[in-house]
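Trainee: The structure follows.
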Amino acid sequence: MHLQRIRTLTAALVATAALLVPAALSGAAPAEAGGARYGKVTFVDDGDTVDVDIAGDGTSQPARVRYIGVQAMELHRYSHSLSKIRGECWGVDATRYLYSLTNRKRVMLTARHDSSRAGNGRLRRSVAVLQNGVWTDTGALLISAGLALPDLLGDEYAPNLDYLGRAQEAAANHVGMWGNPVKCGYGPAQDAVLSVNINWDAAGNDARNVNGEWIDITNHGAAPVTLAGWWIRDAAYRGVKAHGYVFPAGTVIAPGSHLRLRMGRGGRTATTQHWGLRSPVFANATGAPQWMGDGAWLFDPQGDLRFWQMYPCRFGC
C-alpha cells in the first residue's frame, strides 16, 4: 500500500514541539504503559541491554532487559569490569555510558504491553532512572549522546517520535558517532563525499516487491570511491554483528555516479547490487500514534559512521 511521506506543516510543528520535552518522565509510569515495574540493575550487558533484579517477582534471578527503541553497536567480549569489555566501534562507549547511568541503581521498567519480548526471551522495556528526583529515560539519553541508533517499533511505539527526533538532532549537532568519523581509525577514503538516499516505499505491496525498496549511494567527489568491506544497515539486527549488508571486493563508485543496493534478490552489476532479503526492510513513514520511520547508516570497515539518511524529518524541518 502506498503511503505518502509526512511532510505537512502540522506534522513538522508537532514533531518540533515534542523535541522540547526533556528525557524526563513523570513520577508515575507513562500513560500508555502496561504498568511500571521497579528493580535494581545488576549487570550492564552492553549498550542496549541490562540485567535487572525486579522487585516483587518472587525470585532473586535477574531478568535480562532489552531496551525499547535503542540499537547500540555490538560487543564481542562482555565483562563486569569495564576495562575488559571489547566490541564494535562505539559499542564500548555506549556500554560505558549506560553503566554510568544505571549500574547498581534502581530503575523503572515500562512498556505498552507486559508481554513484550525481544530475542532469546528478553523483556523489552524502556528503562528510567531517578535523576534529581525525576524518572529519566536512559534510552533517550543514549540517543541524544550519539551512542545509539533509533530502532522504531510498530508495537512498542511510545518513544518513536522522540527518539528519531533526538537522533536527527544529535546528527545535526555532530554529537558522538555523528561527529567523529575517525574515532576508530583514519580512512579509508576519508575525503569521500557520499550521500545515502532510501526508497523506503516500494510500488504496490511492499511485501511482494522487496526489490522495490532500495538504497542509492552517490559519489559527489572527484575521485572513485572503493566500498569493499564497508557496510550499510537499517535499525534492525541483520548480518554478522548487525553489519547488515557488507559490500564485496570490487565495489567502486565512479565520480558523479551512484550504486543502487536493492533489498531483494538478483545479480550484480557495476551499478546495482542486491542484499538478498526475502522481506522488506524499511518501515513506511506514519503519523500518530506510531510515528514510524527508519534509516540507513553507512559504516567504513573500521566501524566509523560516515554517511546516513533517516526519515521522515522530525528535527529541523
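Every chain in the C-alpha cells takes a letter, A first, then B, and so on in the order presented; its residues are numbered from 1, and the ligands are numbered from 1 following the presented order.
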Excluding A:Gln71 and any residue of its chain fewer than 5 positions from it, enumerate the residues within 8 Å of it, using only C-alpha atoms, and give them as a VMD selection string.
Mentor: chain A and resid 47 to 48 148 to 151 235 to 236
Trainee: Restricting the output to N, CA and C atoms, write the selected residues as a PDB file, in the first residue's frame.
Mentor:
```pdb
ATOM      1  N   GLY A  47      25.342  -1.836  25.326  1.00  0.00           N
ATOM      2  CA  GLY A  47      24.759  -0.505  25.243  1.00  0.00           C
ATOM      3  C   GLY A  47      23.256  -0.452  25.113  1.00  0.00           C
ATOM      4  N   ASP A  48      22.582  -1.595  25.021  1.00  0.00           N
ATOM      5  CA  ASP A  48      21.124  -1.570  24.950  1.00  0.00           C
ATOM      6  C   ASP A  48      20.471  -2.729  25.722  1.00  0.00           C
ATOM      7  N   ALA A 148      23.823   5.591  20.064  1.00  0.00           N
ATOM      8  CA  ALA A 148      22.940   4.515  19.636  1.00  0.00           C
ATOM      9  C   ALA A 148      22.044   5.019  18.516  1.00  0.00           C
ATOM     10  N   LEU A 149      21.543   4.073  17.723  1.00  0.00           N
ATOM     11  CA  LEU A 149      20.617   4.378  16.641  1.00  0.00           C
ATOM     12  C   LEU A 149      19.186   4.253  17.152  1.00  0.00           C
ATOM     13  N   PRO A 150      18.253   5.006  16.561  1.00  0.00           N
ATOM     14  CA  PRO A 150      16.842   4.844  16.927  1.00  0.00           C
ATOM     15  C   PRO A 150      16.263   3.630  16.219  1.00  0.00           C
ATOM     16  N   ASP A 151      15.705   2.706  16.981  1.00  0.00           N
ATOM     17  CA  ASP A 151      15.145   1.471  16.446  1.00  0.00           C
ATOM     18  C   ASP A 151      13.636   1.517  16.664  1.00  0.00           C
ATOM     19  N   ALA A 235      17.935  -0.154  11.135  1.00  0.00           N
ATOM     20  CA  ALA A 235      17.999  -0.197  12.596  1.00  0.00           C
ATOM     21  C   ALA A 235      17.930  -1.621  13.147  1.00  0.00           C
ATOM     22  N   ALA A 236      17.406  -2.565  12.372  1.00  0.00           N
ATOM     23  CA  ALA A 236      17.254  -3.930  12.868  1.00  0.00           C
ATOM     24  C   ALA A 236      18.607  -4.652  12.889  1.00  0.00           C
TER      25      ALA A 236
END
```
Trainee: Using only C-alpha atoms, which protein or nucleic acid residues come within 6 Å of A:Leu259? Drop anything in the same chain fewer than 5 positions from it, and give the result as a JSON list (two decimals) with C-alpha atoms, in the first residue's frame.
Mentor:
```
[["chain", "number", "residue", "atom", "x", "y", "z"],
["A", 216, "ASP", "CA", 21.31, 4.73, -3.55],
["A", 217, "ILE", "CA", 24.86, 5.70, -2.56],
["A", 271, "THR", "CA", 25.90, -0.03, -10.58],
["A", 272, "THR", "CA", 23.49, -2.45, -8.86]]
```
Trainee: Please provide as a list in words all residues within 8 Å of stretch 114-131 of chain A, with the sequence filter that same-chain residues fewer than 6 positions apart are discarded (counting only C-alpha atoms).
Mentor: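 Once the nearby chain positions are removed, what remains is Gly34, Gly35, Ala63, Arg64, Val65, Arg66, Tyr67, Ile68, Leu101, Thr102, Lys105, Arg106, Val107, Met108, Asp137, Thr138, Gly139 and Glu156 of chain A.
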Trainee: What parts of stretch 7-228 of chain A does DSSP call strand (DSSP E or B)? I'd like the answer as a PyMOL selection string.
Mentor: chain A and resi 24+37-46+49-54+63-67+70-71+75-77+86-87+106-110+117+123-131+134-137+149-150+194-199+214-219+225-226
Trainee: Please produce a file of those selected residues containing C-alpha atoms, as a PDB file, in the first residue's frame.
Mentor:
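The new file result_9.pdb reads:
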```pdb
ATOM      1  CA  ALA A  24      12.171  13.078  31.919  1.00  0.00           C
ATOM      2  CA  ARG A  37       7.860  -2.384  37.464  1.00  0.00           C
ATOM      3  CA  TYR A  38      10.843  -1.452  39.567  1.00  0.00           C
ATOM      4  CA  GLY A  39      14.139  -3.151  40.226  1.00  0.00           C
ATOM      5  CA  LYS A  40      17.886  -2.837  40.517  1.00  0.00           C
ATOM      6  CA  VAL A  41      20.373  -3.183  37.662  1.00  0.00           C
ATOM      7  CA  THR A  42      22.828  -5.962  38.487  1.00  0.00           C
ATOM      8  CA  PHE A  43      24.762  -6.067  35.207  1.00  0.00           C
ATOM      9  CA  VAL A  44      25.098  -3.876  32.127  1.00  0.00           C
ATOM     10  CA  ASP A  45      25.388  -6.370  29.277  1.00  0.00           C
ATOM     11  CA  ASP A  46      26.037  -3.826  26.520  1.00  0.00           C
ATOM     12  CA  THR A  49      20.693  -4.499  27.375  1.00  0.00           C
ATOM     13  CA  VAL A  50      20.796  -4.717  31.180  1.00  0.00           C
ATOM     14  CA  ASP A  51      20.052  -7.341  33.808  1.00  0.00           C
ATOM     15  CA  VAL A  52      17.512  -6.220  36.411  1.00  0.00           C
ATOM     16  CA  ASP A  53      16.527  -7.822  39.713  1.00  0.00           C
ATOM     17  CA  ILE A  54      12.837  -6.968  39.537  1.00  0.00           C
ATOM     18  CA  ALA A  63      15.734 -10.608  34.215  1.00  0.00           C
ATOM     19  CA  ARG A  64      17.519  -9.657  31.017  1.00  0.00           C
ATOM     20  CA  VAL A  65      16.004  -6.456  29.631  1.00  0.00           C
ATOM     21  CA  ARG A  66      16.396  -5.274  26.032  1.00  0.00           C
ATOM     22  CA  TYR A  67      15.784  -1.550  25.581  1.00  0.00           C
ATOM     23  CA  VAL A  70      17.530   1.701  21.076  1.00  0.00           C
ATOM     24  CA  GLN A  71      20.143  -0.045  18.913  1.00  0.00           C
ATOM     25  CA  LEU A  75      30.187  -6.190  21.889  1.00  0.00           C
ATOM     26  CA  HIS A  76      32.192  -9.380  21.431  1.00  0.00           C
ATOM     27  CA  ARG A  77      33.587  -9.553  24.975  1.00  0.00           C
ATOM     28  CA  ARG A  86      35.617  -5.255  23.785  1.00  0.00           C
ATOM     29  CA  GLY A  87      33.433  -4.733  20.780  1.00  0.00           C
ATOM     30  CA  ARG A 106      17.034   1.459  40.982  1.00  0.00           C
ATOM     31  CA  VAL A 107      15.214   1.620  37.673  1.00  0.00           C
ATOM     32  CA  MET A 108      11.657   1.837  36.416  1.00  0.00           C
ATOM     33  CA  LEU A 109      10.680  -0.521  33.604  1.00  0.00           C
ATOM     34  CA  THR A 110       7.742   0.294  31.333  1.00  0.00           C
ATOM     35  CA  ARG A 117       9.797  -9.660  24.343  1.00  0.00           C
ATOM     36  CA  LEU A 123      11.957  -8.484  28.298  1.00  0.00           C
ATOM     37  CA  ARG A 124      11.588  -5.475  26.036  1.00  0.00           C
ATOM     38  CA  ARG A 125      11.259  -2.380  28.173  1.00  0.00           C
ATOM     39  CA  SER A 126      12.005   1.320  28.481  1.00  0.00           C
ATOM     40  CA  VAL A 127      14.389   1.915  31.383  1.00  0.00           C
ATOM     41  CA  ALA A 128      14.308   5.049  33.540  1.00  0.00           C
ATOM     42  CA  VAL A 129      16.445   6.143  36.489  1.00  0.00           C
ATOM     43  CA  LEU A 130      15.864   8.809  39.093  1.00  0.00           C
ATOM     44  CA  GLN A 131      17.807  11.993  38.391  1.00  0.00           C
ATOM     45  CA  VAL A 134      12.610  12.762  38.389  1.00  0.00           C
ATOM     46  CA  TRP A 135      12.349   9.496  36.440  1.00  0.00           C
ATOM     47  CA  THR A 136      14.540   9.995  33.382  1.00  0.00           C
ATOM     48  CA  ASP A 137      14.518   7.844  30.232  1.00  0.00           C
ATOM     49  CA  LEU A 149      20.617   4.378  16.641  1.00  0.00           C
ATOM     50  CA  PRO A 150      16.842   4.844  16.927  1.00  0.00           C
ATOM     51  CA  LEU A 194      28.925  10.387  -0.480  1.00  0.00           C
ATOM     52  CA  SER A 195      25.199  10.599   0.118  1.00  0.00           C
ATOM     53  CA  VAL A 196      22.672   7.942   1.091  1.00  0.00           C
ATOM     54  CA  ASN A 197      19.142   8.019  -0.282  1.00  0.00           C
ATOM     55  CA  ILE A 198      16.446   5.478   0.650  1.00  0.00           C
ATOM     56  CA  ASN A 199      13.440   4.487  -1.412  1.00  0.00           C
ATOM     57  CA  TRP A 214      16.491   0.320  -2.431  1.00  0.00           C
ATOM     58  CA  ILE A 215      19.340   2.487  -1.198  1.00  0.00           C
ATOM     59  CA  ASP A 216      21.315   4.726  -3.546  1.00  0.00           C
ATOM     60  CA  ILE A 217      24.857   5.703  -2.561  1.00  0.00           C
ATOM     61  CA  THR A 218      26.050   8.608  -4.707  1.00  0.00           C
ATOM     62  CA  ASN A 219      29.641   9.771  -5.110  1.00  0.00           C
ATOM     63  CA  VAL A 225      35.459   5.507  -4.010  1.00  0.00           C
ATOM     64  CA  THR A 226      36.074   1.851  -3.216  1.00  0.00           C
TER      65      THR A 226
END
```
Trainee: From the DSSP assignment of the backbone, select every residue of stretch 75-106 of chain A that is helix (DSSP H, G or I), and format the answer as an MDAnalysis selection string.
Mentor: chainID A and resid 82:84 91:102
Trainee: Limited to N, CA and C atoms, could you put the picked residues into a file as a PDB file, in the first residue's frame?
Mentor:
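The file below, out.pdb, is the result:
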```
ATOM      1  N   LEU A  82      34.679  -2.870  33.318  1.00  0.00           N
ATOM      2  CA  LEU A  82      34.627  -2.049  32.110  1.00  0.00           C
ATOM      3  C   LEU A  82      35.923  -2.093  31.322  1.00  0.00           C
ATOM      4  N   SER A  83      37.041  -2.300  31.985  1.00  0.00           N
ATOM      5  CA  SER A  83      38.334  -2.322  31.298  1.00  0.00           C
ATOM      6  C   SER A  83      38.497  -3.549  30.408  1.00  0.00           C
ATOM      7  N   LYS A  84      37.648  -4.554  30.618  1.00  0.00           N
ATOM      8  CA  LYS A  84      37.803  -5.807  29.880  1.00  0.00           C
ATOM      9  C   LYS A  84      36.842  -5.960  28.708  1.00  0.00           C
ATOM     10  N   GLY A  91      30.471   0.630  20.356  1.00  0.00           N
ATOM     11  CA  GLY A  91      29.776  -0.278  21.255  1.00  0.00           C
ATOM     12  C   GLY A  91      30.287  -0.186  22.679  1.00  0.00           C
ATOM     13  N   VAL A  92      31.608  -0.060  22.826  1.00  0.00           N
ATOM     14  CA  VAL A  92      32.198   0.054  24.157  1.00  0.00           C
ATOM     15  C   VAL A  92      31.777   1.377  24.804  1.00  0.00           C
ATOM     16  N   ASP A  93      31.781   2.443  24.027  1.00  0.00           N
ATOM     17  CA  ASP A  93      31.378   3.755  24.561  1.00  0.00           C
ATOM     18  C   ASP A  93      29.936   3.739  25.054  1.00  0.00           C
ATOM     19  N   ALA A  94      29.049   3.114  24.268  1.00  0.00           N
ATOM     20  CA  ALA A  94      27.643   3.047  24.669  1.00  0.00           C
ATOM     21  C   ALA A  94      27.491   2.246  25.955  1.00  0.00           C
ATOM     22  N   THR A  95      28.237   1.150  26.066  1.00  0.00           N
ATOM     23  CA  THR A  95      28.146   0.308  27.265  1.00  0.00           C
ATOM     24  C   THR A  95      28.627   1.062  28.497  1.00  0.00           C
ATOM     25  N   ARG A  96      29.736   1.763  28.355  1.00  0.00           N
ATOM     26  CA  ARG A  96      30.267   2.515  29.499  1.00  0.00           C
ATOM     27  C   ARG A  96      29.321   3.637  29.915  1.00  0.00           C
ATOM     28  N   TYR A  97      28.711   4.285  28.953  1.00  0.00           N
ATOM     29  CA  TYR A  97      27.775   5.354  29.288  1.00  0.00           C
ATOM     30  C   TYR A  97      26.547   4.782  29.989  1.00  0.00           C
ATOM     31  N   LEU A  98      26.026   3.667  29.471  1.00  0.00           N
ATOM     32  CA  LEU A  98      24.869   3.055  30.112  1.00  0.00           C
ATOM     33  C   LEU A  98      25.217   2.569  31.513  1.00  0.00           C
ATOM     34  N   TYR A  99      26.424   2.068  31.684  1.00  0.00           N
ATOM     35  CA  TYR A  99      26.903   1.655  33.012  1.00  0.00           C
ATOM     36  C   TYR A  99      26.856   2.842  33.979  1.00  0.00           C
ATOM     37  N   SER A 100      27.323   3.999  33.525  1.00  0.00           N
ATOM     38  CA  SER A 100      27.336   5.184  34.396  1.00  0.00           C
ATOM     39  C   SER A 100      25.926   5.626  34.766  1.00  0.00           C
ATOM     40  N   LEU A 101      24.971   5.357  33.892  1.00  0.00           N
ATOM     41  CA  LEU A 101      23.595   5.771  34.136  1.00  0.00           C
ATOM     42  C   LEU A 101      22.836   4.808  35.040  1.00  0.00           C
ATOM     43  N   THR A 102      23.120   3.498  34.914  1.00  0.00           N
ATOM     44  CA  THR A 102      22.207   2.522  35.508  1.00  0.00           C
ATOM     45  C   THR A 102      22.823   1.521  36.476  1.00  0.00           C
TER      46      THR A 102
END
```
Trainee: Using only C-alpha atoms, which protein or nucleic acid residues come within 6 Å of stretch 160-168 of chain A? Drop anything in the same chain fewer than 2 positions from it, and give the result as a count of residues only.
Mentor: 11
Trainee: Which one of A:Gly316, A:Ala222, A:Trp231, A:Asp57 sits closest to A:Pro255 if you count only C-alpha atoms?
Mentor: A:Ala222
Trainee: Check the smallest atom-to-atom distance from each of A:Ala111, A:Met263, A:Ala192, A:Ala207 to A:Trp275 using only C-alpha atoms, then report the winner.
Mentor: A:Met263
Trainee: Would you pick out the contacts of A:Met310 at 7 Å or less, using only C-alpha atoms, so that residues sharing its chain but fewer than 4 positions from it are not included, and give the list as a PyMOL selection string?
Mentor: chain A and resi 294-296
Trainee: For atom CA of A:His113 and atom CA of A:Pro62, quote the distance in Å rounded to one decimal.
Mentor: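 Atom CA of A:Pro62 lies at a distance of 19.8 Å from atom CA of A:His113.
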Trainee: Rounded to one decimal, what separation in Å do you get between atom CA of A:Leu147 and atom CA of A:Asp201?
Mentor: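 Rounded to one decimal, the two atoms are 27.9 Å apart.
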Trainee: So how many Å separate atom CA of A:Pro280 and atom CA of A:Gly69, to one decimal?
Mentor: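 Calculated distance between atom CA of A:Pro280 and atom CA of A:Gly69 is 19.2 Å.
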Trainee: Write out as a list in words which residues come within 10 Å of A:Cys184 when counting only C-alpha atoms, dropping same-chain ones fewer than 6 positions away.
Mentor: Glu88, Cys89, Trp90, Asp300, Pro301, Gln302, Gly303, Asp304 and Leu305 of chain A
Trainee: Quick one: write out the picked residues with C-alpha atoms as a PDB file, in the first residue's frame?
Mentor:
```
ATOM      1  CA  GLU A  88      32.445  -2.793  17.725  1.00  0.00           C
ATOM      2  CA  CYS A  89      33.473   0.806  17.398  1.00  0.00           C
ATOM      3  CA  TRP A  90      31.121   2.887  19.597  1.00  0.00           C
ATOM      4  CA  ASP A 300      33.526   2.084   6.891  1.00  0.00           C
ATOM      5  CA  PRO A 301      35.391  -1.200   7.571  1.00  0.00           C
ATOM      6  CA  GLN A 302      36.755   0.158  10.869  1.00  0.00           C
ATOM      7  CA  GLY A 303      33.286   0.896  12.191  1.00  0.00           C
ATOM      8  CA  ASP A 304      33.155   4.665  11.807  1.00  0.00           C
ATOM      9  CA  LEU A 305      29.752   6.024  10.805  1.00  0.00           C
TER      10      LEU A 305
END
```
Trainee: Tell me which of A:Ala223, A:Gly58, A:Tyr237, A:Ala202 sits closest to A:Gly256, counting only C-alpha atoms.
Mentor: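 Using only C-alpha atoms, the shortest distance to A:Gly256 belongs to A:Ala223.
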